[in-house]
Amino acid sequence: MLAYTEKIREAARRLLAENRVDVVIGYRKGTIPFANEPFLAKSSEQVDRLYWDGFCGANLANYLPKRTDRVAIVAKGCDSRNIVVQVLENQISRDNLYILGAPCKGMLDRRAIRKALKGKEATSCEEEDGKIVVSGRGFSTSFERTDVLQENCTICIHRNPVIYDELLGDLVPEQQGVDRYEDVRKVEAMSPEERWRYFEELTASCIRCYACRNACPMCFCPTCFVDESTPQWVGKTINPTDTRTFHFLRAYHLGGRCTDCGACERACPVGIKVRQFTKKLEKDIIELYGYEVGLSLEQRPPLDTYKPGDPESFIK
Amino acid sequence: MSDWEPKIVAFLCNWCSYGGADLAGVSRMQYPANIRVIRVPCTGRVNPKFILAAMRHGADGVWVSGCHPGDCHYIEGNLYARRKFALLKNLLEHVGIEPDRLHFSWISSAEATKFAETARAVVGAVRALGPAKHFIKKLAEVA
Amino acid sequence: MLEVYFQKAKLNEVIEQLIRLLRVYAPVLKGAYHEFAQIKTASDADLGFQNTRLSPKGLFHPHLERMFEFSLAKGDPQASILREVPKDYSPSVILGIRPCDARAFQVDDVNFDTSVVKDPWWVERRKSMTLVGLACNEPCSTCFCTTVGTGPFDTNGLDAVLVDVGDGYVVRAVTERGEELVLKLGLKDLVPDEAAKKAEEQKVSAEQSLGRLFDTEAIAKRDSAELFNAGFWEEVQFACINCGTCTFLCPTCWCFDIQDEVSGEQGERVRLWDSCMFPLFTLHGSGHNPRSQKLQRVRQRFMHKLKYYQDKYHQGVACVGCGRCVTQCPVNIDIRSVAQLMSASCIC
């Protein structure tokens with residue numbers, strides 16, 4: 001995958017030189033292990049700072065809405081699906097985009113690695129041939145890549161970009177026979193009281209920093225519902241009702257728009273599994289309307305359309 | 001809690017269900033007085049925020065009612081709403097709200113009988129559950 | 001000042017004794033990370049931690065502070081009159097706080113406890129709490145305390161400090177309050193020469209492991225307007241997603257918002273943490289927002305910590321180098337790199 005770095009730089013240099021685009025959005029190498037920083041290259045001098053490895057989990061589509069310049073952007077499978085939704089929702093024009101598709105074998109989960117290190121601090125991390133080697137003061141240990149993937153990546157069935165102008169590498173085989181909703185079904189099988197407690201515990205440590213919301217490429221309302229004050233729909237405290245209302249409505253706003261890219265869960269500073277809310281919506285939308293998010297520029301989003309025979313057994 | 005009476009917030013569309021309620025009233029039909037009606041232009045206007053706000057302020061149940069599919073004054077408002085509500089109801093239940101707290105119906109302005117019947121059914125279902133426990137905003141108790 | 005020693009085997013006994021004397025807050029492992037919480041038994045405390053995910057600032061400046069209560073009941077003669085919420089200021093001790101986090105309270109004192117304005121909750125809590133620190137033998141790679149005027153063995157913000165020397169702890173009282181506590185605990189064993197020597201060695205090696213990453217003096221000397229208009233903010237701000245992670249985890253970020261919460265006929269006025277990263281933070285009633293752009297908000301955070309604070313209070317920067325924002329930023333914006341840009345004199 002490290003070959004991508006060279007490909008990204010080559011493409012960025014060429015596109016900027018040919019004046020095909022004004023800027024290139026990619027990543028630059030992070031200042032600490034397990035992290036990279038989204039980066040905007042504006043000139044060929046900056047191109048060599050572009051970088052790629054398994055810690056490019058931040059969703060770059062987040063930086064697209066309302067841009068009016070011509071942008072080249074590095075996009076994994078999930079990112080490309082988010083771009084499709086943004087185009088459908090008129091946040092960005094496809095004509096202004098040059099998508100550098102990055103077939104992806106999953107992004108690495110810094111939390112899983114840290115957990116496996118049991119308190120030892122890593123100072124460097126190298127990735128090679130499906131393995132990652134983590135070292136720190138007086139230790140060096142290696143992991144199978146597949147053991148420390150972000151959870152959403154382990155169940156991803158769209159690793160290849162769905163739209164792109166150029167690929168950074170060969171398409172990768174898609175994962176087959178993945179059970180995407182095992183965890184959702186487990187919760188569905190609980191009693192209402194158990195479910196309530198499950199989500200109560202899930203959100204108990206929330207500090208209302210909104211990292212989940214802000215990391216999401218689909219959150220671009222000019223005024224978020226949590227910031228509305230007349231009337232104030234959602235309280236701003238860390239009272240469990242306020243926190244729960246925030247998480248509930250944040251998730252609901254992503255109905256038919258979430259691609260399970262995992263940016264929200266990845267961003268949470270206290271490790272809340274916020275995807276437990278959005279995955280239920282994703283599952284329902286497939287079951288009720290047969291729609292998978294972000295696969296087609298032709299089909300309207302599921303909540304922006306209807307069919308006369310839509311399910312309505314819940315309506316009296 | 002022997003004298004507890006369920007409080008139900010009903011969002012009724014101006015063109016159909018609100019008319020249905022009106023007709024039920026002028027026809028002197030009996031139905032429980034546990035319903036607080038909020039008139040909305042269309043079920044499509046009902047934002048999930050409204051439903052959560054009702055619960056937050058202590059509603060024991062919420063009922064949303066509008067025109068039958070095909071009869072929407074705005075042609076298709078209730079058809080979009082139907083998709084929104086399906087997801088909303090599922091998600092609310094998923095996070096632990098009892099299914100009978102939230103009700104939806106299609107009632108035209110001529111269906112006074114259906115309105116009174118549905119009102120009885122909704123109140124009965126919510127009464128059977130007892131007072132709402134969840135999504136109610138209480139004041140903080142910590143320091 | 002008083003210096004004593006006790007064997008590690010005695011740690012739980014010492015903590016139990018503390019619990020009998022005072023309310024005790026200590027690092028507790030909750031799920032995947034540590035946080036400061038009140039402990040009821042010695043075994044709840046875990047001093048084998050690096051640092052807590054959230055800083056202990058919440059013990060003085062809680063995320064949610066109930067300030068006043070009021071009634072809105074019709075006919076209540078006291079209706080709409082704010083009554084102060086009673087608080088419990090029982091004598092307490094924070095055990096195992098890191099020197100940087102303790103220093104952060106001093107950084108914030110200039111805001112909450114001045115000759116003109118005194119925040120009663122902050123002041124009373126500061127009075128009620130004894131800070132027993134735990135020196136850092138092995139600072140993390142993201143720590144930069146020595147660069148910002150504190151250090152892994154800095155005792156400035158503490159009443160007493162523990163140094164883990166392997167088999168036992170050296171306890172050093174720093175203030176009279178700390179000394180009093182050590183005496184109350186009945187700790188009398190003199191520090192063995194071996195342990196004293198080890199503690200000193202650890203201090204030197206911990207401090208050496210950190211180095212100086214940027215020059216805060218150079219930032220103080222730079223012209224505010226020039227820094228404010230510097231070109232590098234454009235690049236710094238790009239990745240920022242404007243979440244409040246950095247500010248909420250920060251031990252020195254003190255900004256808050258005040259809300260009135262009403263339930264039925266009862267209400268309360270609460271104070272909540274707020275963040276300069278949020279557009280709402282600066283939104284005026286008129287609709288005008290002086291910091292409507294992300295660049296302005298990102299710049300504000302760094303300028304406040306590293307420049308304005310220095311200019312206003314002349315006592316260093318409003319950053320203690322704990323590295324929480326560095327490790328938890330979802331997009332890896334690193335205050336160390338930004339400070340280097342601001343000082344424009346990297347001496348690393």
# chains A, B, ... in the order shown; residues from 1 in each chain; ligands from 1
$ residues_around --residues "Glu194 (chain C)" --least-positions-apart "3" --cutoff "12 Å" --atoms "only C-alpha atoms" --output "JSON, numbers by chain"
{"C": [5, 165, 166, 167, 168, 169, 170, 190, 191, 197, 198, 199, 200, 201]}
$ residues_around --residues "region 133-138 of chain C" --least-positions-apart "5" --cutoff "7 Å" --atoms "only C-alpha atoms" --output "ChimeraX atom specification"
/C:95-99,152-153,158,160-163,202-203,206
$ closest_residue --among "B:Asp3, B:Asp22, B:Glu93, B:Glu111" --to "chain A" --atoms "only C-alpha atoms"
B:Glu93
$ atom_distance --atom1 "CA of Ile99 (chain A)" --atom2 "CA of Val47 (chain A)"
16.2 Å
$ closest_atom_pairs --of "chain B" --to "chain A" --cutoff "8 Å" --atoms "only C-alpha atoms" --output "tab-separated table"
residue	atom	partner	partner_atom	distance
B:Pro48	CA	A:Leu249	CA	7.8
B:Lys49	CA	A:Trp233	CA	6.5
B:Leu52	CA	A:Thr245	CA	7.5
B:Ala53	CA	A:Trp233	CA	6.4
B:Arg56	CA	A:Thr241	CA	7.8
B:Pro69	CA	A:Pro308	CA	7.8
B:Leu79	CA	A:Tyr306	CA	6.1
B:Tyr80	CA	A:Tyr306	CA	5.9
B:Arg82	CA	A:Glu312	CA	7.1
B:Arg83	CA	A:Leu303	CA	6.5
B:Lys84	CA	A:Leu303	CA	6.7
B:Ala86	CA	A:Glu312	CA	7.4
B:Leu87	CA	A:Leu281	CA	6.7
B:Leu88	CA	A:Tyr252	CA	7.3
B:Asn90	CA	A:Asp284	CA	8.0
B:Leu91	CA	A:Leu281	CA	6.9
B:Glu93	CA	A:Pro192	CA	7.1
B:His94	CA	A:Glu188	CA	6.4
B:Val95	CA	A:Trp196	CA	5.4
B:Gly96	CA	A:Trp196	CA	4.0
B:Ile97	CA	A:Pro192	CA	6.2
B:Glu98	CA	A:Pro192	CA	6.0
B:His103	CA	A:Ile315	CA	7.2
B:Phe104	CA	A:Ile315	CA	4.8
B:Ser105	CA	A:Lys316	CA	4.3
B:Trp106	CA	A:Lys316	CA	6.4
B:Thr118	CA	A:Lys316	CA	7.7
B:His134	CA	A:Thr241	CA	8.0
B:Phe135	CA	A:Thr241	CA	5.4
B:Ile136	CA	A:Thr241	CA	6.5
B:Lys137	CA	A:Thr241	CA	5.8
B:Lys138	CA	A:Thr241	CA	8.0
B:Ala140	CA	A:Asn239	CA	6.5
$ residues_around --residues "Asn51 (chain C)" --least-positions-apart "5" --cutoff "12 Å" --atoms "only C-alpha atoms" --output "PyMOL selection string"
(chain A and resi 119+121) or (chain C and resi 26-29+33-36+46+56+96-101+133-136+138-140+142-143+152+249+251+322-324+327)
$ interface_residues --of "chain C" --to "chain B" --cutoff "12 Å" --atoms "only C-alpha atoms" --output "number ranges by chain"
C: 58-70, 84-89, 121, 259-272
$ write_last_selection --atoms "N, CA and C atoms" --output "short mmCIF file (atom, residue, chain, number, x, y, z; two decimals), in the first residue's frame"
data_model
loop_
_atom_site.label_atom_id
_atom_site.label_comp_id
_atom_site.auth_asym_id
_atom_site.auth_seq_id
_atom_site.Cartn_x
_atom_site.Cartn_y
_atom_site.Cartn_z
N GLY C 58 -12.05 18.79 35.76
CA GLY C 58 -13.46 18.66 36.13
C GLY C 58 -13.70 18.61 37.63
N LEU C 59 -12.66 18.30 38.40
CA LEU C 59 -12.83 18.25 39.85
C LEU C 59 -12.96 19.66 40.43
N PHE C 60 -12.46 20.65 39.70
CA PHE C 60 -12.58 22.04 40.15
C PHE C 60 -13.57 22.82 39.30
N HIS C 61 -13.61 22.47 38.05
CA HIS C 61 -14.44 23.19 37.08
C HIS C 61 -15.24 22.12 36.34
N PRO C 62 -16.32 21.62 36.98
CA PRO C 62 -17.03 20.47 36.41
C PRO C 62 -17.62 20.77 35.04
N HIS C 63 -17.73 19.72 34.24
CA HIS C 63 -18.34 19.86 32.91
C HIS C 63 -19.72 20.51 33.05
N LEU C 64 -20.46 20.07 34.08
CA LEU C 64 -21.77 20.67 34.34
C LEU C 64 -21.79 21.13 35.80
N GLU C 65 -21.87 22.45 35.99
CA GLU C 65 -21.90 23.01 37.35
C GLU C 65 -23.28 23.60 37.59
N ARG C 66 -23.97 23.06 38.59
CA ARG C 66 -25.26 23.68 38.95
C ARG C 66 -24.96 24.91 39.78
N MET C 67 -25.36 26.06 39.28
CA MET C 67 -25.03 27.30 39.97
C MET C 67 -26.20 27.73 40.86
N PHE C 68 -27.36 27.87 40.22
CA PHE C 68 -28.54 28.38 40.94
C PHE C 68 -29.75 27.51 40.64
N GLU C 69 -30.71 27.55 41.57
CA GLU C 69 -31.99 26.90 41.33
C GLU C 69 -33.07 27.97 41.39
N PHE C 70 -34.18 27.71 40.73
CA PHE C 70 -35.30 28.65 40.84
C PHE C 70 -36.62 27.93 40.63
N GLU C 84 -28.65 30.03 45.41
CA GLU C 84 -27.41 29.33 45.15
C GLU C 84 -27.57 27.86 45.53
N VAL C 85 -27.03 26.98 44.68
CA VAL C 85 -27.11 25.55 44.96
C VAL C 85 -26.08 25.20 46.03
N PRO C 86 -26.49 24.56 47.12
CA PRO C 86 -25.51 24.21 48.15
C PRO C 86 -24.48 23.23 47.61
N LYS C 87 -23.24 23.40 48.04
CA LYS C 87 -22.15 22.55 47.54
C LYS C 87 -21.46 21.84 48.69
N ASP C 88 -20.88 20.75 48.38
CA ASP C 88 -20.14 19.99 49.38
C ASP C 88 -18.64 20.25 49.20
N TYR C 89 -18.07 21.01 50.12
CA TYR C 89 -16.64 21.30 50.03
C TYR C 89 -15.86 20.53 51.09
N TRP C 121 -17.01 28.79 43.44
CA TRP C 121 -16.89 27.33 43.38
C TRP C 121 -15.44 26.92 43.20
N GLN C 259 -26.46 28.11 30.83
CA GLN C 259 -27.77 27.76 30.29
C GLN C 259 -28.79 27.70 31.42
N ASP C 260 -30.01 28.10 31.12
CA ASP C 260 -31.11 27.89 32.06
C ASP C 260 -31.86 26.65 31.63
N GLU C 261 -31.99 25.71 32.55
CA GLU C 261 -32.69 24.46 32.26
C GLU C 261 -33.97 24.47 33.07
N VAL C 262 -35.07 24.15 32.39
CA VAL C 262 -36.35 24.17 33.09
C VAL C 262 -37.05 22.84 32.90
N SER C 263 -37.60 22.32 34.00
CA SER C 263 -38.39 21.11 33.92
C SER C 263 -39.65 21.36 34.74
N GLY C 264 -40.77 21.44 34.07
CA GLY C 264 -42.02 21.76 34.76
C GLY C 264 -41.92 23.14 35.39
N GLU C 265 -42.12 23.21 36.70
CA GLU C 265 -42.10 24.50 37.38
C GLU C 265 -40.76 24.77 38.07
N GLN C 266 -39.82 23.84 37.89
CA GLN C 266 -38.52 24.03 38.52
C GLN C 266 -37.46 24.30 37.45
N GLY C 267 -36.48 25.08 37.85
CA GLY C 267 -35.42 25.37 36.89
C GLY C 267 -34.09 25.49 37.60
N GLU C 268 -33.05 25.47 36.79
CA GLU C 268 -31.73 25.68 37.36
C GLU C 268 -30.85 26.37 36.33
N ARG C 269 -29.91 27.12 36.84
CA ARG C 269 -28.94 27.76 35.95
C ARG C 269 -27.66 26.95 36.04
N VAL C 270 -27.22 26.43 34.91
CA VAL C 270 -26.04 25.57 34.93
C VAL C 270 -24.92 26.17 34.10
N ARG C 271 -23.72 25.81 34.48
CA ARG C 271 -22.55 26.26 33.73
C ARG C 271 -21.95 25.02 33.07
N LEU C 272 -21.69 25.11 31.78
CA LEU C 272 -21.20 23.97 31.02
C LEU C 272 -19.89 24.32 30.33
#
$ atom_distance --atom1 "CA of Ile286 (chain A)" --atom2 "CA of Ile107 (chain B)"
28.9 Å
$ closest_atom_pairs --of "chain A" --to "chain C" --cutoff "7 Å" --atoms "only C-alpha atoms" --output "CSV"
residue,atom,partner,partner_atom,distance
A:Gly30,CA,C:Asn332,CA,6.3
A:Ala35,CA,C:Asn332,CA,6.1
A:Asn36,CA,C:Asn332,CA,6.1
A:Glu37,CA,C:Val331,CA,5.2
A:Pro38,CA,C:Ala239,CA,5.1
A:Phe39,CA,C:Ala239,CA,6.4
A:Leu40,CA,C:Phe238,CA,7.0
A:Ala58,CA,C:Val331,CA,6.8
A:Thr123,CA,C:Ser141,CA,6.9
A:Cys209,CA,C:Gly244,CA,4.4
A:Tyr210,CA,C:Cys243,CA,5.4
A:Ala211,CA,C:Cys243,CA,4.6
A:Asn214,CA,C:Ile241,CA,5.6
A:Ala215,CA,C:Ile241,CA,6.2
A:Asp227,CA,C:Leu280,CA,6.7
A:Thr237,CA,C:Leu272,CA,6.7
A:Ala267,CA,C:Pro330,CA,4.7
A:Pro269,CA,C:Gln328,CA,5.8
$ residues_around --residues "Thr282 (chain C)" --least-positions-apart "4" --cutoff "7 Å" --atoms "only C-alpha atoms" --output "PyMOL selection string"
chain C and resi 289-291
$ residues_around --residues "Phe115 (chain B)" --least-positions-apart "4" --cutoff "12 Å" --atoms "only C-alpha atoms" --output "PyMOL selection string"
(chain A and resi 316) or (chain B and resi 10+12+16-25+27+29-32+35+63-67+104-111+119-122)
$ write_last_selection --atoms "C-alpha atoms" --output "PDB file, in the first residue's frame"
ATOM      1  CA  LYS A 316     -53.166   2.512  11.374  1.00  0.00           C
TER       2      LYS A 316
ATOM      3  CA  ALA B  10     -51.063  14.302  18.537  1.00  0.00           C
ATOM      4  CA  LEU B  12     -52.589  16.150  13.048  1.00  0.00           C
ATOM      5  CA  CYS B  16     -57.311  15.483   6.795  1.00  0.00           C
ATOM      6  CA  SER B  17     -56.849  14.233  10.345  1.00  0.00           C
ATOM      7  CA  TYR B  18     -57.460  17.612  11.954  1.00  0.00           C
ATOM      8  CA  GLY B  19     -60.674  17.793   9.953  1.00  0.00           C
ATOM      9  CA  GLY B  20     -61.459  14.253  11.079  1.00  0.00           C
ATOM     10  CA  ALA B  21     -61.039  15.311  14.693  1.00  0.00           C
ATOM     11  CA  ASP B  22     -63.248  18.311  14.066  1.00  0.00           C
ATOM     12  CA  LEU B  23     -65.955  16.175  12.524  1.00  0.00           C
ATOM     13  CA  ALA B  24     -65.734  13.695  15.408  1.00  0.00           C
ATOM     14  CA  GLY B  25     -66.259  16.654  17.726  1.00  0.00           C
ATOM     15  CA  SER B  27     -70.746  14.732  15.577  1.00  0.00           C
ATOM     16  CA  MET B  29     -68.462  11.220  19.219  1.00  0.00           C
ATOM     17  CA  GLN B  30     -66.842  10.178  22.467  1.00  0.00           C
ATOM     18  CA  TYR B  31     -63.141   9.563  22.801  1.00  0.00           C
ATOM     19  CA  PRO B  32     -60.749   9.977  25.751  1.00  0.00           C
ATOM     20  CA  ILE B  35     -54.944  13.958  23.552  1.00  0.00           C
ATOM     21  CA  TRP B  63     -49.493  10.100  17.644  1.00  0.00           C
ATOM     22  CA  VAL B  64     -48.976  11.398  14.139  1.00  0.00           C
ATOM     23  CA  SER B  65     -51.855  11.352  11.702  1.00  0.00           C
ATOM     24  CA  GLY B  66     -52.368  12.633   8.178  1.00  0.00           C
ATOM     25  CA  CYS B  67     -54.085  12.123   4.833  1.00  0.00           C
ATOM     26  CA  PHE B 104     -49.183   6.680  13.118  1.00  0.00           C
ATOM     27  CA  SER B 105     -52.422   6.722  11.192  1.00  0.00           C
ATOM     28  CA  TRP B 106     -54.017   7.899   7.979  1.00  0.00           C
ATOM     29  CA  ILE B 107     -57.404   9.508   8.712  1.00  0.00           C
ATOM     30  CA  SER B 108     -59.317  11.618   6.234  1.00  0.00           C
ATOM     31  CA  SER B 109     -61.503  14.565   7.194  1.00  0.00           C
ATOM     32  CA  ALA B 110     -64.589  12.409   6.603  1.00  0.00           C
ATOM     33  CA  GLU B 111     -63.443   9.585   8.856  1.00  0.00           C
ATOM     34  CA  ALA B 119     -57.892   7.851  19.583  1.00  0.00           C
ATOM     35  CA  ARG B 120     -59.327   5.184  21.866  1.00  0.00           C
ATOM     36  CA  ALA B 121     -56.836   2.622  20.604  1.00  0.00           C
ATOM     37  CA  VAL B 122     -53.868   4.984  21.048  1.00  0.00           C
TER      38      VAL B 122
END
$ select_by_dssp --residues "region 50-282 of chain C" --states "helix (DSSP H, G or I)" --output "ChimeraX atom specification"
/C:56-59,99-112,120-128,145-148,176-184,193-210,216-221,224-228,232-238,245-249,279-282
$ select_by_dssp --residues "region 40-205 of chain C" --states "strand (DSSP E or B)" --output "PyMOL selection string"
chain C and resi 64-71+83-84+92-97+113+118+129-134+160-164+168-173
